[in-house]
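Structure below is start-v8.cif: mmCIF, C-alpha atoms.
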```cif
data_query
#
loop_
_atom_site.label_atom_id
_atom_site.label_comp_id
_atom_site.auth_asym_id
_atom_site.auth_seq_id
_atom_site.Cartn_x
_atom_site.Cartn_y
_atom_site.Cartn_z
CA MET A 1053 4.08 -35.13 -9.20
CA ASN A 1054 2.37 -37.53 -6.90
CA ASP A 1055 -1.35 -36.78 -6.83
CA LEU A 1056 -2.19 -39.00 -3.89
CA HIS A 1057 0.49 -37.37 -1.73
CA ALA A 1058 -0.76 -33.91 -2.74
CA LEU A 1059 -4.34 -34.90 -1.94
CA LEU A 1060 -3.31 -36.11 1.52
CA GLN A 1061 -1.42 -32.86 2.01
CA VAL A 1062 -4.53 -30.82 1.15
CA LEU A 1063 -6.69 -32.83 3.54
CA ILE A 1064 -4.14 -32.46 6.35
CA MET A 1065 -3.80 -28.72 5.72
CA ALA A 1066 -7.58 -28.30 5.74
CA ALA A 1067 -7.82 -30.22 9.02
CA VAL A 1068 -5.01 -28.24 10.67
CA ILE A 1069 -6.47 -24.90 9.58
CA ALA A 1070 -9.92 -25.89 10.85
CA PHE A 1071 -8.28 -26.98 14.13
CA THR A 1072 -6.69 -23.53 14.61
CA ARG A 1073 -10.08 -21.92 14.08
CA PHE A 1074 -12.13 -24.29 16.24
CA LEU A 1075 -9.71 -24.57 19.17
CA PRO A 1076 -10.83 -21.51 21.18
CA PHE A 1077 -14.49 -22.44 20.75
CA LEU A 1078 -13.78 -26.00 21.90
CA ALA A 1079 -11.64 -24.83 24.82
CA PHE A 1080 -14.26 -22.35 26.01
CA PRO A 1081 -17.65 -23.84 25.11
CA GLU A 1082 -20.95 -21.99 25.37
CA GLY A 1083 -22.65 -22.05 28.74
CA ARG A 1084 -19.48 -22.87 30.67
CA ARG A 1085 -17.79 -20.28 32.87
CA ARG A 1086 -14.52 -19.15 31.41
CA PRO A 1087 -11.60 -17.32 33.03
CA GLN A 1088 -12.12 -13.58 33.34
CA VAL A 1089 -8.79 -13.07 31.63
CA ILE A 1090 -10.07 -14.69 28.42
CA THR A 1091 -13.03 -12.31 28.37
CA TYR A 1092 -10.62 -9.42 28.89
CA LEU A 1093 -8.29 -10.54 26.08
CA GLY A 1094 -11.29 -11.05 23.83
CA SER A 1095 -12.33 -7.45 24.40
CA VAL A 1096 -8.96 -5.83 23.65
CA LEU A 1097 -7.46 -8.21 21.07
CA PRO A 1098 -9.54 -6.95 18.11
CA TYR A 1099 -7.88 -3.53 18.39
CA ALA A 1100 -4.39 -4.99 18.58
CA ILE A 1101 -5.02 -7.61 15.88
CA ILE A 1102 -6.29 -5.07 13.35
CA GLY A 1103 -3.07 -3.13 13.99
CA MET A 1104 -1.14 -6.35 13.40
CA LEU A 1105 -3.02 -7.07 10.16
CA VAL A 1106 -2.23 -3.59 8.81
CA VAL A 1107 1.48 -4.23 9.38
CA TYR A 1108 1.06 -7.74 7.94
CA CYS A 1109 -0.14 -6.21 4.65
CA PHE A 1110 3.07 -4.18 4.42
CA LYS A 1111 5.41 -7.08 5.15
CA GLY A 1112 6.52 -7.45 1.53
CA VAL A 1113 7.30 -3.75 1.10
CA SER A 1114 10.97 -2.85 0.89
CA VAL A 1115 11.73 0.58 2.27
CA MET A 1116 15.38 0.37 1.19
CA GLN A 1117 14.75 -0.19 -2.53
CA TYR A 1118 12.96 1.87 -5.15
CA PRO A 1119 10.12 2.90 -4.87
CA TYR A 1120 10.78 2.77 -1.09
CA GLY A 1121 7.21 1.76 -0.23
CA LEU A 1122 5.94 5.10 -1.52
CA PRO A 1123 2.91 3.75 -3.45
CA GLU A 1124 1.76 1.87 -0.33
CA LEU A 1125 2.30 4.86 1.96
CA ILE A 1126 0.67 7.42 -0.34
CA ALA A 1127 -2.37 5.20 -0.84
CA ALA A 1128 -2.54 4.51 2.91
CA ALA A 1129 -2.44 8.25 3.68
CA PHE A 1130 -5.22 8.74 1.13
CA VAL A 1131 -7.34 6.02 2.78
CA VAL A 1132 -6.84 7.52 6.26
CA GLY A 1133 -7.64 11.03 5.03
CA MET A 1134 -10.72 9.95 3.11
CA HIS A 1135 -12.01 7.93 6.02
CA VAL A 1136 -11.52 10.63 8.63
CA TRP A 1137 -13.30 13.01 6.25
CA LEU A 1138 -16.27 10.98 4.99
CA ARG A 1139 -16.39 7.90 7.25
CA ASN A 1140 -17.62 5.82 4.28
CA THR A 1141 -15.84 2.44 4.11
CA LEU A 1142 -16.57 1.75 0.45
CA ILE A 1143 -15.36 5.17 -0.74
CA SER A 1144 -12.22 4.92 1.41
CA VAL A 1145 -11.36 1.37 0.30
CA PHE A 1146 -12.09 1.66 -3.42
CA GLY A 1147 -10.62 5.17 -3.58
CA GLY A 1148 -7.45 3.83 -1.98
CA VAL A 1149 -7.33 0.89 -4.41
CA ALA A 1150 -7.74 3.25 -7.38
CA VAL A 1151 -4.93 5.51 -6.13
CA TYR A 1152 -2.68 2.49 -5.53
CA MET A 1153 -3.37 0.92 -8.95
CA VAL A 1154 -2.59 4.19 -10.72
CA LEU A 1155 0.61 4.56 -8.68
CA VAL A 1156 1.99 1.05 -9.32
CA GLN A 1157 0.87 0.77 -12.94
CA LEU A 1158 1.50 4.29 -14.24
CA VAL A 1159 3.69 6.31 -11.89
CA PHE A 1160 6.31 4.13 -10.22
CA MET B 1076 -35.10 -9.07 8.29
CA THR B 1077 -33.34 -11.74 6.27
CA LYS B 1078 -33.19 -9.37 3.32
CA LYS B 1079 -31.82 -6.54 5.45
CA SER B 1080 -29.23 -8.83 7.02
CA PHE B 1081 -28.17 -10.03 3.58
CA PHE B 1082 -27.77 -6.57 2.10
CA ARG B 1083 -25.86 -5.31 5.13
CA ALA B 1084 -23.54 -8.33 4.82
CA PHE B 1085 -23.22 -7.80 1.07
CA ARG B 1086 -22.32 -4.14 1.50
CA ASP B 1087 -19.71 -4.95 4.12
CA SER B 1088 -18.29 -7.73 1.94
CA LEU B 1089 -17.61 -5.55 -1.12
CA PRO B 1090 -14.01 -4.58 -0.20
CA ILE B 1091 -13.36 -8.26 0.52
CA MET B 1092 -14.85 -9.21 -2.84
CA ALA B 1093 -12.25 -7.07 -4.61
CA GLY B 1094 -9.42 -8.41 -2.48
CA TYR B 1095 -10.43 -12.07 -2.64
CA LEU B 1096 -10.98 -12.07 -6.39
CA ALA B 1097 -7.53 -10.53 -6.87
CA LEU B 1098 -5.73 -12.77 -4.37
CA GLY B 1099 -7.72 -15.81 -5.51
CA ILE B 1100 -6.83 -15.24 -9.16
CA GLY B 1101 -3.18 -14.84 -8.18
CA TYR B 1102 -3.42 -18.10 -6.29
CA GLY B 1103 -5.07 -19.93 -9.19
CA VAL B 1104 -2.36 -18.71 -11.56
CA LEU B 1105 0.33 -19.92 -9.15
CA LEU B 1106 -1.37 -23.30 -8.79
CA GLN B 1107 -1.65 -23.70 -12.55
CA SER B 1108 1.99 -22.68 -13.06
CA LYS B 1109 3.03 -25.55 -10.78
CA GLY B 1110 1.01 -27.98 -12.89
CA TYR B 1111 -2.15 -28.37 -10.81
CA SER B 1112 -5.50 -28.20 -12.63
CA PHE B 1113 -8.49 -26.12 -11.54
CA TRP B 1114 -9.90 -29.11 -9.65
CA TRP B 1115 -7.18 -28.48 -7.09
CA ALA B 1116 -8.21 -24.82 -6.93
CA ILE B 1117 -11.78 -25.87 -6.13
CA LEU B 1118 -10.73 -28.50 -3.60
CA MET B 1119 -8.32 -26.23 -1.75
CA SER B 1120 -10.43 -23.07 -1.75
CA VAL B 1121 -13.51 -24.97 -0.55
CA THR B 1122 -11.83 -27.03 2.18
CA MET B 1123 -9.01 -24.75 3.38
CA PHE B 1124 -10.36 -21.22 2.75
CA ALA B 1125 -7.13 -19.55 3.83
CA GLY B 1126 -5.02 -17.10 1.83
CA SER B 1127 -1.55 -17.45 3.28
CA GLY B 1128 -2.22 -21.11 4.15
CA GLN B 1129 -3.07 -21.97 0.55
CA TYR B 1130 -0.20 -19.98 -0.97
CA ALA B 1131 2.25 -21.81 1.27
CA GLY B 1132 0.40 -25.07 0.61
CA VAL B 1133 1.22 -24.94 -3.11
CA ASP B 1134 4.89 -24.86 -2.20
CA PHE B 1135 4.54 -27.85 0.11
CA MET B 1136 2.77 -29.79 -2.62
CA ALA B 1137 5.14 -28.83 -5.43
CA SER B 1138 8.19 -29.60 -3.32
CA GLY B 1139 6.69 -32.88 -2.10
CA ALA B 1140 7.10 -31.97 1.58
CA SER B 1141 6.35 -34.77 4.03
CA LEU B 1142 2.90 -34.92 5.64
CA LEU B 1143 4.40 -34.11 9.03
CA THR B 1144 6.24 -31.05 7.71
CA THR B 1145 3.09 -29.94 5.90
CA ALA B 1146 1.02 -30.27 9.07
CA PHE B 1147 3.54 -28.48 11.27
CA MET B 1148 4.18 -25.58 8.89
CA THR B 1149 0.43 -25.13 8.33
CA LEU B 1150 -0.04 -24.99 12.09
CA VAL B 1151 2.64 -22.32 12.45
CA ILE B 1152 1.26 -20.19 9.62
CA ASN B 1153 -2.34 -20.39 10.82
CA CYS B 1154 -2.18 -20.39 14.60
CA ARG B 1155 -3.03 -16.68 14.62
CA HIS B 1156 -6.63 -17.88 14.11
CA PHE B 1157 -6.65 -19.02 17.71
CA PHE B 1158 -6.49 -15.41 18.83
CA TYR B 1159 -9.40 -14.52 16.55
CA GLY B 1160 -11.70 -17.09 18.08
CA VAL B 1161 -10.95 -15.84 21.59
CA SER B 1162 -12.44 -12.45 20.76
CA LEU B 1163 -15.49 -13.91 19.02
CA LEU B 1164 -16.63 -16.31 21.76
CA ASP B 1165 -19.47 -13.99 22.76
CA LYS B 1166 -20.44 -12.70 19.33
CA TYR B 1167 -20.72 -16.20 17.85
CA ARG B 1168 -22.53 -17.56 20.92
CA GLY B 1169 -26.02 -18.87 20.21
CA THR B 1170 -25.61 -18.95 16.43
CA GLY B 1171 -26.73 -22.58 16.51
CA ILE B 1172 -26.62 -24.63 13.35
CA VAL B 1173 -24.48 -22.21 11.36
CA LYS B 1174 -21.86 -21.85 14.10
CA PRO B 1175 -19.50 -24.57 12.82
CA TYR B 1176 -19.53 -22.94 9.38
CA LEU B 1177 -18.86 -19.47 10.87
CA ILE B 1178 -15.86 -20.88 12.73
CA PHE B 1179 -14.66 -22.83 9.69
CA GLY B 1180 -14.77 -19.63 7.62
CA LEU B 1181 -13.00 -17.39 10.11
CA THR B 1182 -10.44 -15.75 7.80
CA ASP B 1183 -8.48 -12.56 8.59
CA GLU B 1184 -10.94 -10.56 6.52
CA THR B 1185 -14.16 -12.05 7.90
CA TYR B 1186 -12.74 -11.62 11.39
CA SER B 1187 -11.86 -7.99 10.74
CA ILE B 1188 -15.53 -7.28 10.00
CA THR B 1189 -17.35 -9.49 12.51
CA ALA B 1190 -15.07 -8.60 15.44
CA THR B 1191 -15.41 -4.87 14.92
CA THR B 1192 -18.84 -4.16 13.48
CA THR B 1193 -21.82 -3.04 15.53
CA LEU B 1194 -25.09 -4.28 14.10
CA GLU B 1195 -28.30 -2.25 14.09
CA GLU B 1196 -31.29 -3.69 15.94
CA ASP B 1197 -33.11 -4.72 12.77
CA ILE B 1198 -30.22 -6.93 11.65
CA ASN B 1199 -30.22 -10.58 12.71
CA PRO B 1200 -26.60 -11.25 13.83
CA LYS B 1201 -26.76 -14.97 13.09
CA LYS B 1202 -27.96 -14.42 9.52
CA TYR B 1203 -25.60 -11.51 9.01
CA TYR B 1204 -22.53 -13.51 10.11
CA PHE B 1205 -23.62 -16.43 7.95
CA PHE B 1206 -24.19 -14.34 4.82
CA LEU B 1207 -20.90 -12.50 5.30
CA THR B 1208 -18.93 -15.74 5.73
CA ALA B 1209 -20.65 -17.47 2.80
CA LEU B 1210 -20.29 -14.46 0.48
CA ASN B 1211 -16.58 -14.20 1.29
CA HIS B 1212 -16.15 -17.94 0.76
CA SER B 1213 -17.88 -17.72 -2.63
CA TYR B 1214 -15.64 -14.80 -3.73
CA TRP B 1215 -12.59 -16.75 -2.71
CA ILE B 1216 -13.62 -19.91 -4.56
CA THR B 1217 -14.58 -17.87 -7.63
CA GLY B 1218 -11.22 -16.06 -7.63
CA CYS B 1219 -9.18 -19.24 -7.21
CA VAL B 1220 -11.02 -21.06 -9.98
CA LEU B 1221 -10.90 -18.06 -12.35
CA GLY B 1222 -7.16 -17.82 -11.85
CA ALA B 1223 -6.64 -21.52 -12.44
CA VAL B 1224 -8.80 -21.52 -15.61
CA LEU B 1225 -7.79 -18.22 -17.17
CA GLY B 1226 -4.21 -18.31 -15.98
CA MET B 1227 -2.18 -15.48 -17.39
CA PHE B 1228 -4.70 -14.55 -20.07
CA LEU B 1229 -6.50 -11.86 -18.13
CA PRO B 1230 -7.69 -9.09 -20.45
CA PHE B 1231 -6.59 -6.21 -18.21
CA SER B 1232 -3.90 -5.49 -15.68
CA SER B 1233 -5.26 -5.99 -12.21
CA GLU B 1234 -1.91 -5.22 -10.61
CA GLY B 1235 -2.52 -3.50 -7.30
CA ILE B 1236 -6.16 -4.49 -6.82
CA ASP B 1237 -5.18 -6.66 -3.85
CA TYR B 1238 -4.54 -3.38 -2.04
CA ALA B 1239 -8.26 -3.63 -1.16
CA MET B 1240 -7.26 -5.82 1.80
CA THR B 1241 -4.73 -3.31 3.10
CA ALA B 1242 -7.18 -0.45 2.64
CA LEU B 1243 -9.92 -2.38 4.44
CA PHE B 1244 -7.74 -3.04 7.48
CA ILE B 1245 -6.63 0.60 7.55
CA VAL B 1246 -10.25 1.78 7.40
CA ILE B 1247 -11.22 -0.52 10.27
CA MET B 1248 -8.29 0.75 12.29
CA VAL B 1249 -9.22 4.40 11.66
CA GLU B 1250 -12.83 3.62 12.56
CA GLN B 1251 -11.72 1.93 15.82
CA TRP B 1252 -9.43 4.87 16.57
CA LEU B 1253 -12.21 7.41 16.10
CA THR B 1254 -14.81 5.52 18.11
CA SER B 1255 -12.67 4.25 21.01
CA LYS B 1256 -11.19 6.29 23.84
CA GLN B 1257 -8.56 3.64 24.47
CA HIS B 1258 -5.77 3.65 21.86
CA LEU B 1259 -3.16 1.60 23.67
CA PRO B 1260 -4.15 -1.83 22.22
CA ALA B 1261 -3.95 -0.49 18.66
CA VAL B 1262 -0.58 1.15 19.33
CA LEU B 1263 0.75 -2.05 20.92
CA GLY B 1264 -0.56 -4.08 17.96
CA VAL B 1265 1.21 -1.95 15.37
CA GLY B 1266 4.38 -1.28 17.35
CA THR B 1267 4.93 -4.85 18.45
CA THR B 1268 4.28 -6.27 14.99
CA VAL B 1269 6.74 -3.84 13.37
CA LEU B 1270 9.32 -4.77 15.99
CA CYS B 1271 8.80 -8.50 15.38
CA LEU B 1272 8.88 -8.01 11.60
CA VAL B 1273 12.30 -6.36 11.93
CA ILE B 1274 13.64 -8.97 14.39
CA PHE B 1275 12.17 -12.21 13.02
CA GLY B 1276 11.72 -11.33 9.33
CA ALA B 1277 8.68 -11.55 7.05
CA GLU B 1278 8.39 -15.35 7.32
CA TYR B 1279 8.10 -15.87 11.04
CA PHE B 1280 6.99 -12.66 12.75
CA ILE B 1281 3.27 -13.31 13.27
CA VAL B 1282 3.43 -15.87 16.07
CA PRO B 1283 6.00 -13.99 18.20
CA ALA B 1284 4.07 -10.77 17.58
CA LEU B 1285 0.78 -12.27 18.80
CA LEU B 1286 2.39 -13.81 21.88
CA LEU B 1287 4.15 -10.56 22.74
CA ILE B 1288 0.98 -8.52 22.15
CA SER B 1289 -0.96 -10.83 24.48
CA ALA B 1290 1.76 -10.52 27.14
CA GLU B 1291 1.69 -6.73 26.85
CA LEU B 1292 -2.09 -6.65 27.08
CA MET B 1293 -1.79 -8.70 30.28
CA ILE B 1294 0.72 -6.23 31.71
CA PHE B 1295 -1.64 -3.32 30.98
CA ARG B 1296 -4.71 -5.21 32.16
CA LYS B 1297 -5.33 -3.02 35.21
CA LYS B 1298 -5.42 0.04 33.00
CA LEU B 1299 -7.44 -1.47 30.15
CA ASP B 1300 -9.79 -3.98 31.70
CA LYS B 1301 -13.36 -2.74 31.71
CA THR B 1302 -14.93 -6.17 32.11
CA SER B 1303 -13.57 -6.65 35.65
CA GLU B 1304 -15.19 -3.45 36.90
CA VAL B 1305 -18.61 -4.84 36.08
CA ASN B 1306 -18.19 -8.46 37.03
CA GLY B 1307 -15.66 -8.22 39.84
CA ASP B 1308 -12.25 -9.78 39.26
CA GLU B 1309 -11.38 -13.33 40.20
#
```
Whole structure given in structure tokens:
Amino acid sequence: MNDLHALLQVLIMAAVIAFTRFLPFLAFPEGRRRPQVITYLGSVLPYAIIGMLVVYCFKGVSVMQYPYGLPELIAAAFVVGMHVWLRNTLISVFGGVAVYMVLVQLVF
Amino acid sequence: MTKKSFFRAFRDSLPIMAGYLALGIGYGVLLQSKGYSFWWAILMSVTMFAGSGQYAGVDFMASGASLLTTAFMTLVINCRHFFYGVSLLDKYRGTGIVKPYLIFGLTDETYSITATTTLEEDINPKKYYFFLTALNHSYWITGCVLGAVLGMFLPFSSEGIDYAMTALFIVIMVEQWLTSKQHLPAVLGVGTTVLCLVIFGAEYFIVPALLLISAELMIFRKKLDKTSEVNGDE
């Protein structure tokens, strides 16, 4: 293992990641007019991106093999139900985690 | 006001604490198993602060990938961040000296909170965003280092605790669904991402999904755009 190469890799990765985060703020700086379309996208993207992130969390789940994604789906249904009922983020999240941990460790 | 902002940020960060400690520990264990000491865990979690980026990064390091490959792959994995910034241009405006740090720490999880939360009048947005970002960063560093130090010798099975991230995103989505009249963006987000996951596979679906989602949002702009009614379109 070459430590210097790994160190350079880490520095490059850190720089690239920072670049992806800073780019929109550099492209559309404060106090400068920006295209209306960017403002529009900024207002609707959060809804679409949260949907994307939910799917992203399920990307490793195999629906063809046992347990067919059942622990994930049951826990997700529990989270949705709890949240519609009580509207309390902490109860919904930690309740869902508890259900999921029991399912993967003890049931499936 | 500072105290109130801190506690609001702390409360909102609790699901992320669970998720980051779990994912961070998993990351530290992985790093250690490839022969990297906890110094690497500190260095990477402090400077990169990215879940998927760091997990992939261990592979690049262990396999001795070239610097160019490392840079390009990291760009591909993380370019979704660009879309996050676009929707935070207004919220992060005027945050002054902490702004570079807020942008540096713009992870999926921090974004999911700051982009969707509505702050009460007695909360200072600048302080709130800063505390939230710094708390999340500290959980992530703590998790990564714990994993690298303790390795496999954890006293209990934490299998499944990383579901906190999934549950958090689901909760935010439900909350958005219940408070917004317009459900099309959420439906497009889920539908398009599922489609891209099936077509492109689990490795490469995020970038096509985001591009396609943006294209779809442009197609439905007339129907969805509320900003143009106020300001007049170009």
- Task: To one decimal in Å, tell me the separation between atom CA of B:Met1248 and atom CA of A:Ile1102.
- Result: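 About the pair atom CA of B:Met1248 and atom CA of A:Ile1102: they are 6.2 Å apart.
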- Which residues fall under the PyMOL selection byres ((chain B and resi 1210-1221) around 8) in this file, as a ChimeraX atom specification? /B:1085,1088,1091-1092,1095-1103,1113,1116-1117,1120-1121,1124,1180,1185,1206-1209,1222-1226
- Message: If we count all atoms listed in the file and set the cut-off at 8 Å, which residues sit around stretch 1096-1099 of chain A, ignoring sequence neighbours fewer than 2 positions away in its own chain? Please answer as a count of residues only.
- Response: 20
- Between B:Leu1286, B:Met1076, B:Ile1178, B:Cys1271, which has the minimum distance to chain A (counting all atoms listed in the file)?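 Selected residue with least distance to chain A: B:Ile1178.
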- Query: Which value, in Å to one decimal, gives the distance between atom CA of A:Glu1082 and atom CA of A:Ala1066?
  - Reply: 24.6 Å
- Message: Please determine, counting all atoms listed in the file, which residue among B:Tyr1279, B:Phe1179, B:Tyr1111, B:Tyr1203 has the shortest atom-to-atom distance to B:Phe1082.
- Response: B:Tyr1203
- What does the distance from atom CA of B:Leu1285 to atom CA of A:Leu1075 come to in Å, to one decimal?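 Here the two named atoms are 16.2 Å from each other.
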Edge lengths and centre in Å to one decimal, as lines of an AutoDock Vina configuration file, is what I'm after for the box along x, y and z that holds all listed atoms of stretch 1228-1247 of chain B once 8 Å is added on each side.
```
center_x = -6.6
center_y = -6.4
center_z = -5.1
size_x = 25.3
size_y = 32.3
size_z = 46.7
```
- Query: Using all atoms listed in the file, which residue out of B:Ile1236, B:Tyr1204, B:Ile1152, B:Lys1109 lies closest to B:Ala1277?
  - Reply: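 Of B:Ile1236, B:Tyr1204, B:Ile1152, B:Lys1109, the one nearest B:Ala1277, counting all atoms listed in the file, is B:Ile1152.
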- Query: Using all atoms listed in the file, which residue out of B:Arg1083, B:Lys1078, B:Arg1168, B:Lys1202 lies closest to chain A?
  - Reply: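 Closest residue, counting all atoms listed in the file: B:Arg1168.
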- Item | Exercise: stretch 1135-1138 of chain A partners within 8 Å, all atoms listed in the file, chain neighbours under 2 positions left out, as a PyMOL selection string | (chain A and resi 1131-1133+1140-1141+1144) or (chain B and resi 1246+1249-1250)
So that I can check the surroundings of B:Pro1283, please list as a PDB file with C-alpha atoms, in the coordinates of the input every protein, DNA and RNA residue that reaches within 10 Å of it, counting only C-alpha atoms and ignoring chain neighbours fewer than 5 positions away.
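So result-v1.pdb came out as:
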```pdb
ATOM      1  CA  THR B1267       4.930  -4.850  18.450  1.00  0.00           C
ATOM      2  CA  THR B1268       4.280  -6.270  14.990  1.00  0.00           C
ATOM      3  CA  CYS B1271       8.800  -8.500  15.380  1.00  0.00           C
ATOM      4  CA  LEU B1272       8.880  -8.010  11.600  1.00  0.00           C
ATOM      5  CA  ILE B1274      13.640  -8.970  14.390  1.00  0.00           C
ATOM      6  CA  PHE B1275      12.170 -12.210  13.020  1.00  0.00           C
ATOM      7  CA  ILE B1288       0.980  -8.520  22.150  1.00  0.00           C
ATOM      8  CA  SER B1289      -0.960 -10.830  24.480  1.00  0.00           C
TER       9      SER B1289
END
```
- Task: Determine the residue membership of the PyMOL selection byres ((chain B and resi 1241) around 12) for the file above and supply it as a count of residues only.
- Result: 44
- Item | Residues matched by the PyMOL selection byres ((chain A and resi 1054-1057) around 9), written as a ChimeraX atom specification | /A:1053,1058-1062 /B:1136,1139,1141-1142
- Query: Counting all atoms listed in the file, which of B:Val1161, B:Val1273, B:Leu1194, B:Leu1177 gets nearest to chain A?
  - Reply: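 Of the candidates, the smallest distance to chain A is held by B:Val1161.
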- Item | Counting only C-alpha atoms, the residue of B:Tyr1176, B:Trp1252, B:Phe1135, B:Tyr1186 that sits nearest B:Lys1201 |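 Counting only C-alpha atoms, the residue closest to B:Lys1201 is B:Tyr1176.
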- Item | 10 Å contact set for B:Gly1132, only C-alpha atoms, chain neighbours under 3 positions out, as a ChimeraX atom specification | /A:1058,1061-1062,1065 /B:1106,1119,1123,1125-1129,1135-1138,1140,1145-1146,1148-1149
Could you rebuild stretch 1257-1276 of chain B with N, CA and C atoms and give me the result as an mmCIF file, keeping the file's coordinate frame?
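Written file, out30.cif:
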```cif
data_model
loop_
_atom_site.group_PDB
_atom_site.id
_atom_site.type_symbol
_atom_site.label_atom_id
_atom_site.label_comp_id
_atom_site.auth_asym_id
_atom_site.auth_seq_id
_atom_site.Cartn_x
_atom_site.Cartn_y
_atom_site.Cartn_z
ATOM 1 N N GLN B 1257 -9.765 4.359 24.072
ATOM 2 C CA GLN B 1257 -8.560 3.640 24.470
ATOM 3 C C GLN B 1257 -7.727 3.272 23.245
ATOM 4 N N HIS B 1258 -6.567 3.906 23.063
ATOM 5 C CA HIS B 1258 -5.770 3.650 21.860
ATOM 6 C C HIS B 1258 -4.587 2.742 22.102
ATOM 7 N N LEU B 1259 -4.345 2.394 23.365
ATOM 8 C CA LEU B 1259 -3.160 1.600 23.670
ATOM 9 C C LEU B 1259 -3.114 0.238 22.950
ATOM 10 N N PRO B 1260 -4.229 -0.535 22.924
ATOM 11 C CA PRO B 1260 -4.150 -1.830 22.220
ATOM 12 C C PRO B 1260 -3.759 -1.692 20.757
ATOM 13 N N ALA B 1261 -4.300 -0.678 20.073
ATOM 14 C CA ALA B 1261 -3.950 -0.490 18.660
ATOM 15 C C ALA B 1261 -2.480 -0.130 18.514
ATOM 16 N N VAL B 1262 -1.988 0.748 19.383
ATOM 17 C CA VAL B 1262 -0.580 1.150 19.330
ATOM 18 C C VAL B 1262 0.327 -0.048 19.602
ATOM 19 N N LEU B 1263 -0.040 -0.849 20.612
ATOM 20 C CA LEU B 1263 0.750 -2.050 20.920
ATOM 21 C C LEU B 1263 0.736 -3.008 19.731
ATOM 22 N N GLY B 1264 -0.433 -3.170 19.105
ATOM 23 C CA GLY B 1264 -0.560 -4.080 17.960
ATOM 24 C C GLY B 1264 0.377 -3.688 16.832
ATOM 25 N N VAL B 1265 0.356 -2.415 16.468
ATOM 26 C CA VAL B 1265 1.210 -1.950 15.370
ATOM 27 C C VAL B 1265 2.680 -1.982 15.773
ATOM 28 N N GLY B 1266 2.986 -1.395 16.919
ATOM 29 C CA GLY B 1266 4.380 -1.280 17.350
ATOM 30 C C GLY B 1266 5.059 -2.628 17.517
ATOM 31 N N THR B 1267 4.365 -3.531 18.191
ATOM 32 C CA THR B 1267 4.930 -4.850 18.450
ATOM 33 C C THR B 1267 5.141 -5.633 17.157
ATOM 34 N N THR B 1268 4.162 -5.527 16.240
ATOM 35 C CA THR B 1268 4.280 -6.270 14.990
ATOM 36 C C THR B 1268 5.442 -5.738 14.140
ATOM 37 N N VAL B 1269 5.601 -4.414 14.103
ATOM 38 C CA VAL B 1269 6.740 -3.840 13.370
ATOM 39 C C VAL B 1269 8.043 -4.342 13.973
ATOM 40 N N LEU B 1270 8.116 -4.301 15.295
ATOM 41 C CA LEU B 1270 9.320 -4.770 15.990
ATOM 42 C C LEU B 1270 9.629 -6.225 15.622
ATOM 43 N N CYS B 1271 8.597 -7.079 15.684
ATOM 44 C CA CYS B 1271 8.800 -8.500 15.380
ATOM 45 C C CYS B 1271 9.132 -8.731 13.913
ATOM 46 N N LEU B 1272 8.565 -7.901 13.040
ATOM 47 C CA LEU B 1272 8.880 -8.010 11.600
ATOM 48 C C LEU B 1272 10.361 -7.731 11.382
ATOM 49 N N VAL B 1273 10.885 -6.715 12.065
ATOM 50 C CA VAL B 1273 12.300 -6.360 11.930
ATOM 51 C C VAL B 1273 13.185 -7.465 12.523
ATOM 52 N N ILE B 1274 12.806 -7.974 13.700
ATOM 53 C CA ILE B 1274 13.640 -8.970 14.390
ATOM 54 C C ILE B 1274 13.566 -10.344 13.728
ATOM 55 N N PHE B 1275 12.330 -10.821 13.474
ATOM 56 C CA PHE B 1275 12.170 -12.210 13.020
ATOM 57 C C PHE B 1275 12.058 -12.358 11.507
ATOM 58 N N GLY B 1276 11.840 -11.262 10.781
ATOM 59 C CA GLY B 1276 11.720 -11.330 9.330
ATOM 60 C C GLY B 1276 10.304 -11.666 8.892
#
```
